[in-house]
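Participant: Let me begin by handing over the structure; questions about it come next.
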Amino acid sequence: MKRVFDAALAAAGLAISLPAWILAALAIKLEDGGSIFYSQDRVGRDGRVFRALKFRSMHEDAEHTTGPLQARAGDGRVTRVGRVMRATALDELPQLWNILRGDMSFVGPRALRPGEIEIEGGAPVPLEAVRGYADRIVVRPGLTGVAQVFAPRDISRRSKFRYDRLYIQRRSFGLDMRLILLSFWISFRGTWESRDRKY
């Protein structure tokens, strides 16, 4: 049932959001003339790696010196257009295609990148070594989820994984619908990048 719902909603979303795709593509091109899309490996269900598609929100050489690192407040790698897209989640629209393909779900833990690190005690730690990582890959990653909606933006991955485990334990169609509706409201308000309450 969840997979059928995901596929139907993703197909509808792709059709309805076409004007937003055109506006996003034009804005990205006008800002720096670079590529419109950015694809990257993400870890899916059971640890399977897939290619996730996004609108580019950072400079094209953003990770040349840092490697795969989560964006922080005031991150200089994010473009001006990218700041708007990240605040409204417009940069995530192409992942509707990943949902339609079955790589992702609308609701689930955030899709992480292979080789992504967390800084703990000043030292880099592979996410695979963080407690709770193995628990969260038993389900498809989601475009939105408990951690994405309720967790403060800059808490550690270890803390976010607790939110993910809570979702896995309590997941239901009703919870998914609540998270999807809250996500639409956060996108409308443009508060995805807020360091405080998002909605």
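Note on naming: chains are A, B, ... as they come in the structure tokens, residues start from 1 per chain, ligands start from 1 in the order shown.
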Determine which residues of stretch 39-193 of chain A DSSP labels as strand (DSSP E) from the backbone of this structure, then write them out as a PyMOL selection string.

Facilitator: chain A and resi 39-43+49-55+105-107+117-120+123-126+142-144

Participant: Go ahead and write the residues just picked, C-alpha atoms, as an mmCIF file, in the first residue's frame.

Facilitator:
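Result saved to selection-v6.cif:
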data_model
loop_
_atom_site.group_PDB
_atom_site.id
_atom_site.type_symbol
_atom_site.label_atom_id
_atom_site.label_comp_id
_atom_site.auth_asym_id
_atom_site.auth_seq_id
_atom_site.Cartn_x
_atom_site.Cartn_y
_atom_site.Cartn_z
ATOM 1 C CA SER A 39 23.230 13.764 -8.957
ATOM 2 C CA GLN A 40 24.954 11.908 -6.174
ATOM 3 C CA ASP A 41 25.109 8.452 -4.668
ATOM 4 C CA ARG A 42 22.787 7.847 -1.735
ATOM 5 C CA VAL A 43 22.324 4.840 0.517
ATOM 6 C CA VAL A 49 23.357 2.616 -3.340
ATOM 7 C CA PHE A 50 21.313 4.610 -5.866
ATOM 8 C CA ARG A 51 21.738 7.897 -7.733
ATOM 9 C CA ALA A 52 19.614 10.706 -6.300
ATOM 10 C CA LEU A 53 18.768 13.665 -8.504
ATOM 11 C CA LYS A 54 18.495 17.226 -7.165
ATOM 12 C CA PHE A 55 18.504 20.764 -8.448
ATOM 13 C CA SER A 105 9.593 6.807 -0.330
ATOM 14 C CA PHE A 106 7.818 10.060 0.510
ATOM 15 C CA VAL A 107 8.384 9.399 4.211
ATOM 16 C CA ILE A 117 31.115 11.773 7.996
ATOM 17 C CA GLU A 118 30.045 13.268 11.303
ATOM 18 C CA ILE A 119 32.389 15.426 13.367
ATOM 19 C CA GLU A 120 32.395 14.159 16.971
ATOM 20 C CA ALA A 123 37.346 14.071 14.863
ATOM 21 C CA PRO A 124 35.654 12.716 11.696
ATOM 22 C CA VAL A 125 33.512 9.621 12.273
ATOM 23 C CA PRO A 126 32.008 7.548 9.399
ATOM 24 C CA GLY A 142 12.275 9.392 2.519
ATOM 25 C CA LEU A 143 11.893 12.825 1.029
ATOM 26 C CA THR A 144 10.596 13.846 4.436
#

Participant: Between A:Ser194, A:Leu166, A:Met104, A:Leu90, which is the closest to A:Pro19 once you count only C-alpha atoms?

Facilitator: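 With only C-alpha atoms as the atom set, the closest residue is A:Leu90.
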
Participant: With only C-alpha atoms as the atoms that count, which of A:Arg131, A:Arg56, A:Lys160, A:Arg77 lies nearest to A:Gly33?

Facilitator: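 When distances to A:Gly33 are compared using only C-alpha atoms, the smallest one comes from A:Arg56.
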
Participant: For a quick check of understanding, using only C-alpha atoms, which of A:Phe184, A:Met58, A:Val146, A:Ala87 has the smallest distance to A:Gly34?

Facilitator: A:Met58

Participant: Hey, which of A:Pro141, A:Ala11, A:Asp6, A:Pro94 ends up closest to A:Ala25? Count only C-alpha atoms.

Facilitator: A:Pro94

Participant: To one decimal in Å, tell me the separation between atom CA of A:Lys29 and atom CA of A:Asp103.

Facilitator: 27.8 Å

Participant: Just how far from atom CA of A:Arg101 is atom CA of A:Leu14, in Å to one decimal?

Facilitator: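 Here the two named atoms are 12.4 Å from each other.
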
Participant: Could you name the residues that touch A:Lys198 at 7 Å or less, counting only C-alpha atoms, but leaving out those on the same chain fewer than 5 positions away, as JSON, numbers by chain?

Facilitator: {"A": [186, 191, 192]}

Participant: Filtering to C-alpha atoms, could you give me those residues as a short mmCIF file (atom, residue, chain, number, x, y, z; two decimals), in the first residue's frame?

Facilitator:
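Printed below is selection_26.cif as written:
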data_model
loop_
_atom_site.label_atom_id
_atom_site.label_comp_id
_atom_site.auth_asym_id
_atom_site.auth_seq_id
_atom_site.Cartn_x
_atom_site.Cartn_y
_atom_site.Cartn_z
CA ILE A 186 7.09 24.04 5.96
CA THR A 191 11.51 27.37 6.83
CA TRP A 192 13.31 24.10 6.02
#

Participant: Which of these residues is nearest to A:Glu92, using only C-alpha atoms: A:Ala20, A:Val138, A:Leu30, A:Ala7?

Facilitator: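 Using only C-alpha atoms, the shortest distance to A:Glu92 belongs to A:Ala20.
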
Participant: Could you check how far atom CA of A:Arg48 sits from atom CA of A:Arg110, in Å to one decimal?

Facilitator: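 For atom CA of A:Arg48 relative to atom CA of A:Arg110, the distance reads 14.1 Å.
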
Participant: Which one is closest to A:Ser159: A:Leu23, A:Ala10, A:Val130, A:Leu181? Count only C-alpha atoms.

Facilitator: A:Val130
